[in-house]
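S.K.: Quick one: the structure is below, questions incoming.
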Amino acid sequence: MKMSYLSKHGGSSNAYTETEHTCYHFEVNREFLKGALRRFSQFFISPLVKAEAMEREVLAVDSEFNQVLQSDSCRLQQLQCHTSTPGHPFNRFFWGNKKSLVDAMEKGINLRERILNLYNENYYAGAMKLVVIGGESLDVLESWVIELFSSIKKGIHTKEVSVPELPIWKAGKLYWLEAVKDVHILDLSWTLPSLRHEYLKKAEDYLAHLLGHEGRGSLLFSLKAKGWATSISAGVGDEGMQRNTMVYIFGMSIHLTDSGLEKIFEVIGFIYQYIKLLRQVSPQEWIFRELQDIGSMDFQFAEEQPQDEYAAELAENLLVYPPDHVIYGDYTYKLWDEEMIKHVLDFFRPENMRVDIVTKSFNKSHDVQNEPWFGSKYAEEDIPSSLMELWLDPPEIDMALHLPVKNEFIPVDFSIRAESASGKLAGVSTPKCILDEPLIKFWYKLDKTFKLPRANTYFRVTLNGGCDNLKNALLTELFVLLLKDELNEIVYQASVAKLETSVSLYGDKLELKVYGFNDKLPVLLFKVLTMTKSFSPKDDRFMVIKEDIERTLKNTNMKPLSHSSYLRLQALCQSFWDVEQKLSLLNDLSLSDLRAFIPDLLSQLYIEGLCHGNLLEEEAVVISNIFKSNFSVPALPVEMRHKECVMCLPSGADLVRDIRVKNKLEKNSVVELYYQIEPELESGLTKLKALVDLFDEIVEEPLFNQLRTKEQLGYVVDCSPRVTYRIMGFCFRVQSSEYNPVYLQGRIDNFINGIEEMLEGLDNESFENYKSGLMGKLLEKDPSLLYETNRFWGQIVDKRYMFDLSEKEAMELGSIQKGDVIEWYRTYLRHPSPKCRRLAVRVWGCYTDWNEVNTQLSAAQLIEDLATFKKLSAYYPSMC
């Protein structure tokens with residue numbers, strides 16, 4: 001499909017290949033759906049498969065592979081394939097790269113012929129599913145589909161799935177895999193038969209619920225108490241390797257502490273004690289009924305997703321479920337079958353288990369092997385047969401292990417408040433401030449759009465001195481992580497009942513979000529705040545969380561794309577605590593430091609909150625009172641609240657910051673070219689934002705087409721506006737495993753220099769299409785309550801309070817001419833304009849020549865000593 005057609009009409013497209021299917025999807029503004037479908041259908045009726053396009057795609061496949069080359073989860077998956085039984089369908093290279101494709105060609109395989117064969121064998125009507133979501137009536141959409149897709153060649157899907165008799169893996173083996181990141185992960189896998197046709201019983205989900213539980217009596221609760229683990233996940237994954245027509249793979253992934261790594265076999269033994277418990281107490285119907293109730297209410301009151309995501313999900317479901325359950329199949333727990341659960345549980349035996357340990361502490365001196373595609377180091381060991389026998393039938397079950405208690409957070413009241421609210425709120429489309437006191441400012445909006453029994457309550461609590469200096473910042477981080485750890489049991493129980501909690505830290509602000517079904521929301525909030533108020537960290541948990549934060553800090557910036565963003569913000573933000581400085585200070589911090597710090601941290605506060613959804617104003621006031629009663633402290637004065645200042649880049653600045661990749665084996669380099677625009681000033685905000693967004697709409701597809709499709713620089717090529725504490729900017733980014741940053745920057749510059757000619761050549765119709773495409777996006781209704789809340793919350797966090805900014809920007813767009821965009825481009829993106837101020841962040845991959853750092857493309861200024869540079873720089877006044 002012509003990407004330019006979609007980009008001109010507010011759309012985009014993508015595709016992905018899973019183990020047993022490929023999904024193609026797109027979105028576009030409503031009135032251009034038929035035109036897009038016409039172009040889309042031709043791909044399946046008569047694909048061009050041009051030879052030159054194939055050569056480019058080989059490079060794109062290689063770039064995509066290089067993206068995941070340093071991913072621990074991808075390395076593990078490929079190791080599991082590599083060490084599977086020869087002859088099994090899993091025993092292959094699960095990705096694809098330049099080598100695998102070029103090797104095939106060198107062996108005389110004609111790739112174009114193979115692709116056409118693949119198309120001819122698989123792309124026929126009986127093997128394909130189509131989902132169209134549009135604004136027209138079903139009859140109209142159906143007529144379009146018949147008109148446009150009837151020419152796809154006929155054919156009935158008759159392929160029989162032959163389940164191999166071979167076991168996937170050898171029994172009694174343990175695999176050590178050297179990790180890229182500083183992690184210790186114990187990964188257990190049990191092979192189950194494919195349960196696709198048993199979806200009404202959800203036996204595997206019943207077991208996942210219990211094995212992955214985090215409440216009292218659970219595996220994780222006990223493993224945390226022993227100081228062995230920090231998190232657990234269990235179940236059959238959604239990816240094709242774990243869930244397909246041949247087999248289901250039930251996985252357990254446990255993040256271990258240093259001491260947990262030394263007790264691997266005890267941890268596995270503990271898991272088998274819990275499995276024995278599940279066999280002894282037999283399946284419990286009341287637990288299944290809880291899951292049934294939760295699935296039923298989650299479906300009945302489901303929030304809408306973005307429509308392209310939903311279309312792709314439904315298209316996949318058409319391959320899995322019969323027609324009447326395509327929408328409902330994922331949610332339903334229809335049939336209680338105790339024998340089925342026992343049958344599935346019977347596969348959880350040591351001889352049917354694969355054990356993988358992914359760790360940085362890989363100190364194997366002998367029998368180390370290399371997985372050929374990723375180059376990962378691994379070692380294979382035999383598990384002693386005495387242990388296998390012990391795990392098969394553990395002699396005792398730890399007293400701490402038991403089934404979970406009944407869930408107190410499952411809602412019972414689903415009444416819709418908007419139906420009983422007074423008429424005066426009917427016209428209110430934005431939040432109103434219902435409380436503005438020195439301690440707390442609280443915004444409220446009753447939902448009258450989605451009419452679901454859901455509500456979202458968000459709070460930002462400004463703490464006293466939370467980031468005054470590096471030590472305070474680190475202690476605040478420790479406090480928040482320990483608090484999350486303390487709250488985990490109760491927060492987990494609520495999340496099972498679809499009432500979610502998020503606790504995070506932004507500078508000196510603790511952000512608390514409680515969102516989901518509103519019935520028990522005040523109950524959860526009360527418990528969370530009561531526990532927070534009386535919270536005192538314990539020594540054993542302090543040590544575990546300190547170890548966890550150390551690991552997190554060591555793993556920060558391992559990915560070049562996140563590293564470049566970090567470096568940009570580190571340069572721009574006046575107070576930015578460096579990861580390495582945090583690491584060096586962490587060891588010196590003690591529990592007594594933290595205990596002495598917490599009372600000061602909570603001694604004065606400022607709270608700003610939003611309550612949005614299915615709650616009446618008086619219920620919102622009750623929620624604000626829960627906060628006030630738990631934190632009856634003096635208000636933190638405005639002048640004591642941290643304000644972030646952003647560097648004002650000098651007139652005509654052309655700055656460069658170079659750094660090597662943190663992971664010494666990372667092939668990818670990144671160039672992030674940041675242009676600073678202006679601070680958001682209310683008078684010109686909407687016009688400036690409209691210009692920036694329209695420029696992005698016009699340039700995004702040609703940039704991708706030139707630098708990725710034609711020049712094949714790398715897999716990631718993008719551009720987008722950047723708003724840093726309300727200072728507007730614009731970014732161009734390229735990540736490449738083939739070229740060094742100097743070359744990449746030269747190619748980006750070459751593209752930027754040609755933009756004026758491209759804009760000048762844009763005909764009036766195309767320009768108006770871009771405008772109306774963007775207008776359509778801006779005026780698009782929020783797909784769900786959560787999207788709307790997040791949009792409102794963004795305005796509150798940024799202290800902009802322009803809840804109708806999108807509508808205002810759409811209006812502003814109407815008067816913008818092509819000349820305005822060209823003028824904006826000349827002013828902010830072209831030297832010698834004094835307002836063209838930019839910072840290039842360049843992250844150098846492991847195979848690049850660092851000596852080329854000084855090969856400058858222009859009279860750019862290298863930032864060699866960042867601390868001195870920041871001290872000598874000017875900063876914009878803080879806006880939020």
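By convention in this document, the chains of the structure tokens carry letters A, B, ... by their order, each chain's residues are numbered from 1, and ligands are numbered from 1 in the order they are shown.
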Quick one: which stretch 651-693 of chain A residues come within 10 Å of stretch 45-68 of chain A, and what is the nearest atom pair for each with the distance in Å to one decimal, counting only C-alpha atoms, rows ordered by chain and ascending number, as CSV?
M.R.:
```
residue,atom,partner,partner_atom,distance
A:Glu666,CA,A:Asn66,CA,9.0
A:Lys667,CA,A:Asn66,CA,7.5
A:Asn668,CA,A:Asn66,CA,7.4
```
S.K.: Can those selected residues be exported to a file as a CSV table (one decimal), in the first residue's frame so that it contains C-alpha atoms?
M.R.:
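File produced: part.csv:
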```csv
chain,number,residue,atom,x,y,z
A,666,GLU,CA,26.2,-3.5,21.3
A,667,LYS,CA,26.5,-3.1,17.5
A,668,ASN,CA,23.9,-0.3,17.1
```
S.K.: Would you kindly return, as an MDAnalysis selection string, each protein, DNA or RNA residue with an atom no farther than 9 Å from any atom of A:Ile410, considering only C-alpha atoms and excluding same-chain residues fewer than 6 positions away?
M.R.: chainID A and resid 290 293:294 494 496:499 517 519:520
S.K.: Just to be explicit: take each residue in the selection above, keep all heavy atoms, and write the result as an mmCIF file, in the first residue's frame.
M.R.:
```
data_model
loop_
_atom_site.group_PDB
_atom_site.id
_atom_site.type_symbol
_atom_site.label_atom_id
_atom_site.label_comp_id
_atom_site.auth_asym_id
_atom_site.auth_seq_id
_atom_site.Cartn_x
_atom_site.Cartn_y
_atom_site.Cartn_z
ATOM 1 N N GLU A 290 -14.549 -17.175 40.899
ATOM 2 C CA GLU A 290 -13.997 -15.812 41.025
ATOM 3 C C GLU A 290 -13.436 -15.350 39.685
ATOM 4 O O GLU A 290 -13.707 -14.237 39.232
ATOM 5 C CB GLU A 290 -12.867 -15.777 42.071
ATOM 6 C CG GLU A 290 -13.332 -15.489 43.461
ATOM 7 C CD GLU A 290 -12.179 -15.040 44.385
ATOM 8 O OE1 GLU A 290 -10.995 -15.055 43.970
ATOM 9 O OE2 GLU A 290 -12.476 -14.691 45.527
ATOM 10 N N ASP A 293 -16.257 -14.622 37.298
ATOM 11 C CA ASP A 293 -16.905 -13.329 37.565
ATOM 12 C C ASP A 293 -16.050 -12.173 37.049
ATOM 13 O O ASP A 293 -16.565 -11.226 36.452
ATOM 14 C CB ASP A 293 -17.139 -13.144 39.076
ATOM 15 C CG ASP A 293 -18.238 -14.057 39.610
ATOM 16 O OD1 ASP A 293 -18.977 -14.627 38.781
ATOM 17 O OD2 ASP A 293 -18.341 -14.218 40.838
ATOM 18 N N ILE A 294 -14.741 -12.275 37.293
ATOM 19 C CA ILE A 294 -13.833 -11.199 36.866
ATOM 20 C C ILE A 294 -13.781 -11.120 35.342
ATOM 21 O O ILE A 294 -13.876 -10.039 34.756
ATOM 22 C CB ILE A 294 -12.416 -11.412 37.477
ATOM 23 C CG1 ILE A 294 -12.459 -11.213 38.997
ATOM 24 C CG2 ILE A 294 -11.406 -10.472 36.842
ATOM 25 C CD1 ILE A 294 -11.265 -11.773 39.736
ATOM 26 N N ALA A 494 -6.059 -6.574 44.475
ATOM 27 C CA ALA A 494 -6.965 -5.645 43.789
ATOM 28 C C ALA A 494 -6.792 -5.749 42.276
ATOM 29 O O ALA A 494 -7.773 -5.694 41.526
ATOM 30 C CB ALA A 494 -6.709 -4.217 44.264
ATOM 31 N N VAL A 496 -6.020 -8.316 40.497
ATOM 32 C CA VAL A 496 -6.712 -9.515 40.013
ATOM 33 C C VAL A 496 -8.174 -9.184 39.736
ATOM 34 O O VAL A 496 -8.778 -9.665 38.776
ATOM 35 C CB VAL A 496 -6.588 -10.673 41.039
ATOM 36 C CG1 VAL A 496 -7.510 -11.831 40.679
ATOM 37 C CG2 VAL A 496 -5.146 -11.160 41.124
ATOM 38 N N ALA A 497 -8.746 -8.309 40.583
ATOM 39 C CA ALA A 497 -10.146 -7.878 40.425
ATOM 40 C C ALA A 497 -10.265 -6.654 39.505
ATOM 41 O O ALA A 497 -11.277 -5.957 39.516
ATOM 42 C CB ALA A 497 -10.744 -7.582 41.797
ATOM 43 N N LYS A 498 -9.228 -6.404 38.723
ATOM 44 C CA LYS A 498 -9.208 -5.324 37.717
ATOM 45 C C LYS A 498 -9.322 -3.928 38.336
ATOM 46 O O LYS A 498 -9.928 -3.022 37.766
ATOM 47 C CB LYS A 498 -10.306 -5.517 36.653
ATOM 48 C CG LYS A 498 -10.302 -6.885 36.002
ATOM 49 C CD LYS A 498 -9.003 -7.149 35.257
ATOM 50 C CE LYS A 498 -8.951 -8.563 34.701
ATOM 51 N NZ LYS A 498 -7.660 -8.877 34.067
ATOM 52 N N LEU A 499 -8.711 -3.771 39.492
ATOM 53 C CA LEU A 499 -8.569 -2.454 40.120
ATOM 54 C C LEU A 499 -7.065 -2.245 40.294
ATOM 55 O O LEU A 499 -6.439 -2.859 41.157
ATOM 56 C CB LEU A 499 -9.303 -2.422 41.468
ATOM 57 C CG LEU A 499 -9.273 -1.098 42.251
ATOM 58 C CD1 LEU A 499 -9.795 0.062 41.430
ATOM 59 C CD2 LEU A 499 -10.090 -1.231 43.535
ATOM 60 N N PHE A 517 -12.402 -0.652 38.122
ATOM 61 C CA PHE A 517 -13.787 -0.679 38.597
ATOM 62 C C PHE A 517 -13.900 0.147 39.881
ATOM 63 O O PHE A 517 -13.116 -0.009 40.808
ATOM 64 C CB PHE A 517 -14.234 -2.125 38.818
ATOM 65 C CG PHE A 517 -14.481 -2.848 37.529
ATOM 66 C CD1 PHE A 517 -13.486 -3.630 36.942
ATOM 67 C CD2 PHE A 517 -15.685 -2.711 36.861
ATOM 68 C CE1 PHE A 517 -13.705 -4.266 35.729
ATOM 69 C CE2 PHE A 517 -15.908 -3.345 35.641
ATOM 70 C CZ PHE A 517 -14.921 -4.123 35.071
ATOM 71 N N ASP A 519 -16.213 0.461 42.303
ATOM 72 C CA ASP A 519 -16.938 0.064 43.516
ATOM 73 C C ASP A 519 -16.042 0.013 44.755
ATOM 74 O O ASP A 519 -16.361 0.568 45.797
ATOM 75 C CB ASP A 519 -17.611 -1.294 43.277
ATOM 76 C CG ASP A 519 -18.455 -1.743 44.468
ATOM 77 O OD1 ASP A 519 -18.917 -0.870 45.240
ATOM 78 O OD2 ASP A 519 -18.642 -2.955 44.629
ATOM 79 N N LYS A 520 -14.881 -0.649 44.625
ATOM 80 C CA LYS A 520 -14.002 -0.829 45.795
ATOM 81 C C LYS A 520 -12.804 0.126 45.771
ATOM 82 O O LYS A 520 -11.871 -0.035 46.553
ATOM 83 C CB LYS A 520 -13.504 -2.288 45.845
ATOM 84 C CG LYS A 520 -14.615 -3.337 45.925
ATOM 85 C CD LYS A 520 -15.378 -3.247 47.242
ATOM 86 C CE LYS A 520 -16.596 -4.159 47.273
ATOM 87 N NZ LYS A 520 -16.292 -5.574 47.316
#
```
S.K.: Contacts of stretch 453-468 of chain A at 6 Å or less, counting only C-alpha atoms, minus same-chain residues fewer than 5 places along, as a ChimeraX atom specification?
M.R.: /A:414,416,473,476,507-518,601,604-614
S.K.: Using backbone DSSP assignments, extract all alpha helix (DSSP H) residues from stretch 173-291 of chain A; output them as a ChimeraX atom specification.
M.R.: /A:203-211,219-225,258-261,264-281,285-291
S.K.: What's around stretch 480-486 of chain A at 8 Å? Count only C-alpha atoms, leave out sequence neighbours fewer than 2 positions away in its own chain, and write the answer as JSON, numbers by chain.
M.R.: {"A": [476, 477, 478, 488, 489, 503, 504, 505, 510, 532, 535, 537, 541, 542, 545]}
S.K.: With C-alpha atoms retained, could you export that selection as a tab-separated table (two decimals), in the first residue's frame?
M.R.:
```tsv
chain	number	residue	atom	x	y	z
A	476	THR	CA	13.50	9.06	48.10
A	477	GLU	CA	13.86	6.39	45.41
A	478	LEU	CA	14.60	3.75	48.07
A	488	ASN	CA	2.46	-5.44	46.86
A	489	GLU	CA	0.22	-8.06	48.49
A	503	VAL	CA	3.21	4.01	42.37
A	504	SER	CA	6.06	5.90	40.75
A	505	LEU	CA	8.49	8.74	41.37
A	510	LEU	CA	5.30	10.62	44.30
A	532	THR	CA	1.88	4.50	53.58
A	535	PHE	CA	5.20	2.57	56.83
A	537	PRO	CA	11.12	-0.07	56.25
A	541	ARG	CA	13.60	-5.84	52.71
A	542	PHE	CA	15.98	-2.84	52.70
A	545	ILE	CA	15.49	-3.53	47.48
```
S.K.: As a PyMOL selection string, please: the residues near A:Leu779 (cut-off 10 Å, only C-alpha atoms, same-chain neighbours under 6 positions excluded).
M.R.: chain A and resi 806-811
S.K.: Can you pull out the residues contacting stretch 203-219 of chain A? Cut-off 6 Å, using only C-alpha atoms, and skip same-chain residues under 6 positions away; I want them as a ChimeraX atom specification.
M.R.: /A:233-235,341,400-402,489
S.K.: Skip A:Arg842 itself and residues of its chain fewer than 4 positions away, then list as number ranges by chain all residues within 9 Å of it, counting only C-alpha atoms.
M.R.: A: 564, 656-660, 669-673, 741-742, 745
S.K.: Kindly assemble as CSV a list of the stretch 432-456 of chain A residues that lie within 12 Å of stretch 796-802 of chain A, each paired with its nearest atom pair and their distance in Å to one decimal, using only C-alpha atoms, sorted first by chain and then by ascending residue number.
M.R.:
```
residue,atom,partner,partner_atom,distance
A:Lys432,CA,A:Tyr801,CA,10.2
A:Cys433,CA,A:Tyr801,CA,10.5
A:Lys441,CA,A:Ile796,CA,10.4
A:Phe442,CA,A:Ile796,CA,10.2
A:Trp443,CA,A:Ile796,CA,9.0
A:Tyr444,CA,A:Ile796,CA,11.7
```
S.K.: Of the candidates A:Thr848, A:Ser231, A:Gln280, A:Thr359, which shows the shortest atom-to-atom distance to A:Glu396, using only C-alpha atoms?
M.R.: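 Nearest candidate to A:Glu396 out of A:Thr848, A:Ser231, A:Gln280, A:Thr359: A:Gln280.
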S.K.: Find the nearest atom pair between each residue of stretch 228-336 of chain A and stretch 182-191 of chain A for residues within 8 Å, count only C-alpha atoms, give distances in Å to one decimal, sort rows by chain and ascending number, and present the table as JSON lines.
M.R.:
```
{"residue": "A:Val247", "atom": "CA", "partner": "A:Thr191", "partner_atom": "CA", "distance": 6.9}
{"residue": "A:Tyr248", "atom": "CA", "partner": "A:Thr191", "partner_atom": "CA", "distance": 6.2}
{"residue": "A:Ile249", "atom": "CA", "partner": "A:Thr191", "partner_atom": "CA", "distance": 4.8}
{"residue": "A:Phe250", "atom": "CA", "partner": "A:Trp190", "partner_atom": "CA", "distance": 5.2}
{"residue": "A:Gly251", "atom": "CA", "partner": "A:Ser189", "partner_atom": "CA", "distance": 4.5}
{"residue": "A:Met252", "atom": "CA", "partner": "A:Leu188", "partner_atom": "CA", "distance": 5.1}
{"residue": "A:Ser253", "atom": "CA", "partner": "A:Asp187", "partner_atom": "CA", "distance": 4.6}
{"residue": "A:Ile254", "atom": "CA", "partner": "A:Leu186", "partner_atom": "CA", "distance": 5.1}
{"residue": "A:His255", "atom": "CA", "partner": "A:Ile185", "partner_atom": "CA", "distance": 4.6}
{"residue": "A:Leu256", "atom": "CA", "partner": "A:His184", "partner_atom": "CA", "distance": 5.3}
{"residue": "A:Thr257", "atom": "CA", "partner": "A:His184", "partner_atom": "CA", "distance": 6.9}
{"residue": "A:Asp258", "atom": "CA", "partner": "A:His184", "partner_atom": "CA", "distance": 7.6}
{"residue": "A:Leu261", "atom": "CA", "partner": "A:His184", "partner_atom": "CA", "distance": 6.7}
{"residue": "A:Ile264", "atom": "CA", "partner": "A:Leu186", "partner_atom": "CA", "distance": 7.8}
```
S.K.: Can you write just those residues out, N, CA, C and O atoms, as a PDB file, in the first residue's frame?
M.R.:
```pdb
ATOM      1  N   VAL A 247       1.418 -27.244  20.466  1.00  0.00           N
ATOM      2  CA  VAL A 247       1.673 -27.347  21.910  1.00  0.00           C
ATOM      3  C   VAL A 247       1.378 -26.022  22.592  1.00  0.00           C
ATOM      4  O   VAL A 247       1.325 -24.971  21.945  1.00  0.00           O
ATOM      5  N   TYR A 248       1.186 -26.089  23.899  1.00  0.00           N
ATOM      6  CA  TYR A 248       1.220 -24.912  24.761  1.00  0.00           C
ATOM      7  C   TYR A 248       2.445 -25.079  25.653  1.00  0.00           C
ATOM      8  O   TYR A 248       2.725 -26.181  26.126  1.00  0.00           O
ATOM      9  N   ILE A 249       3.165 -23.996  25.865  1.00  0.00           N
ATOM     10  CA  ILE A 249       4.303 -24.021  26.795  1.00  0.00           C
ATOM     11  C   ILE A 249       3.919 -23.179  28.003  1.00  0.00           C
ATOM     12  O   ILE A 249       3.713 -21.967  27.879  1.00  0.00           O
ATOM     13  N   PHE A 250       3.806 -23.802  29.151  1.00  0.00           N
ATOM     14  CA  PHE A 250       3.506 -23.074  30.389  1.00  0.00           C
ATOM     15  C   PHE A 250       4.839 -22.660  31.008  1.00  0.00           C
ATOM     16  O   PHE A 250       5.701 -23.493  31.287  1.00  0.00           O
ATOM     17  N   GLY A 251       5.013 -21.358  31.179  1.00  0.00           N
ATOM     18  CA  GLY A 251       6.293 -20.858  31.697  1.00  0.00           C
ATOM     19  C   GLY A 251       6.160 -20.219  33.063  1.00  0.00           C
ATOM     20  O   GLY A 251       5.112 -19.652  33.392  1.00  0.00           O
ATOM     21  N   MET A 252       7.207 -20.319  33.846  1.00  0.00           N
ATOM     22  CA  MET A 252       7.332 -19.552  35.082  1.00  0.00           C
ATOM     23  C   MET A 252       8.644 -18.807  35.023  1.00  0.00           C
ATOM     24  O   MET A 252       9.689 -19.398  34.747  1.00  0.00           O
ATOM     25  N   SER A 253       8.587 -17.499  35.255  1.00  0.00           N
ATOM     26  CA  SER A 253       9.799 -16.687  35.222  1.00  0.00           C
ATOM     27  C   SER A 253       9.949 -16.015  36.575  1.00  0.00           C
ATOM     28  O   SER A 253       9.051 -15.297  37.010  1.00  0.00           O
ATOM     29  N   ILE A 254      11.063 -16.296  37.251  1.00  0.00           N
ATOM     30  CA  ILE A 254      11.273 -15.790  38.608  1.00  0.00           C
ATOM     31  C   ILE A 254      12.553 -14.967  38.635  1.00  0.00           C
ATOM     32  O   ILE A 254      13.632 -15.456  38.271  1.00  0.00           O
ATOM     33  N   HIS A 255      12.422 -13.696  39.018  1.00  0.00           N
ATOM     34  CA  HIS A 255      13.609 -12.853  39.170  1.00  0.00           C
ATOM     35  C   HIS A 255      14.195 -13.108  40.553  1.00  0.00           C
ATOM     36  O   HIS A 255      13.532 -12.875  41.569  1.00  0.00           O
ATOM     37  N   LEU A 256      15.436 -13.587  40.563  1.00  0.00           N
ATOM     38  CA  LEU A 256      16.089 -13.988  41.814  1.00  0.00           C
ATOM     39  C   LEU A 256      16.996 -12.890  42.355  1.00  0.00           C
ATOM     40  O   LEU A 256      17.516 -12.065  41.607  1.00  0.00           O
ATOM     41  N   THR A 257      17.195 -12.927  43.655  1.00  0.00           N
ATOM     42  CA  THR A 257      18.216 -12.091  44.299  1.00  0.00           C
ATOM     43  C   THR A 257      19.557 -12.822  44.199  1.00  0.00           C
ATOM     44  O   THR A 257      19.613 -13.972  43.738  1.00  0.00           O
ATOM     45  N   ASP A 258      20.623 -12.175  44.669  1.00  0.00           N
ATOM     46  CA  ASP A 258      21.930 -12.859  44.680  1.00  0.00           C
ATOM     47  C   ASP A 258      21.863 -14.146  45.492  1.00  0.00           C
ATOM     48  O   ASP A 258      22.394 -15.182  45.083  1.00  0.00           O
ATOM     49  N   LEU A 261      19.999 -16.914  43.689  1.00  0.00           N
ATOM     50  CA  LEU A 261      20.787 -17.573  42.645  1.00  0.00           C
ATOM     51  C   LEU A 261      21.588 -18.747  43.228  1.00  0.00           C
ATOM     52  O   LEU A 261      21.785 -19.758  42.562  1.00  0.00           O
ATOM     53  N   ILE A 264      19.155 -22.146  43.732  1.00  0.00           N
ATOM     54  CA  ILE A 264      18.302 -22.497  42.579  1.00  0.00           C
ATOM     55  C   ILE A 264      17.491 -23.767  42.851  1.00  0.00           C
ATOM     56  O   ILE A 264      16.277 -23.806  42.648  1.00  0.00           O
TER      57      ILE A 264
END
```
S.K.: Can you tell me how far atom CA of A:Asp346 sits from atom CA of A:Gly260, in Å to one decimal?
M.R.: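 Straight-line distance from atom CA of A:Asp346 to atom CA of A:Gly260 works out to 27.0 Å.
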S.K.: With only C-alpha atoms as the basis for distance, which of A:Asp324, A:Leu521, A:Asn117, A:Tyr715 is at the shortest distance from A:Val622?
M.R.: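 Using only C-alpha atoms, A:Val622 sits closest to A:Leu521.
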S.K.: Between atom CA of A:Lys554 and atom CA of A:Leu583, what is the distance in Å, rounded to a tenth?
M.R.: 7.8 Å
S.K.: Which value, in Å to one decimal, gives the distance between atom CA of A:His25 and atom CA of A:Phe299?
M.R.: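 Those two atoms sit 23.7 Å apart.
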S.K.: Could you pull out all residues of stretch 256-474 of chain A with a DSSP call of strand (DSSP E or B) and give them as a ChimeraX atom specification?
M.R.: /A:256,353-359,368-370,377-382,432-436,440-446,454-462
S.K.: Using only C-alpha atoms, which of the listed residues (A:Leu615, A:Val320, A:Leu785, A:Leu314) sits closest to A:Ser415?
M.R.: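 Distance minimum relative to A:Ser415 lands on A:Leu615.
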S.K.: Nearest to A:Ser878 among A:Pro599, A:Pro679, A:Gly684, A:Pro322, with distances taken over only C-alpha atoms: which residue is it?
M.R.: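 Among A:Pro599, A:Pro679, A:Gly684, A:Pro322, it is A:Pro679 that comes nearest to A:Ser878.
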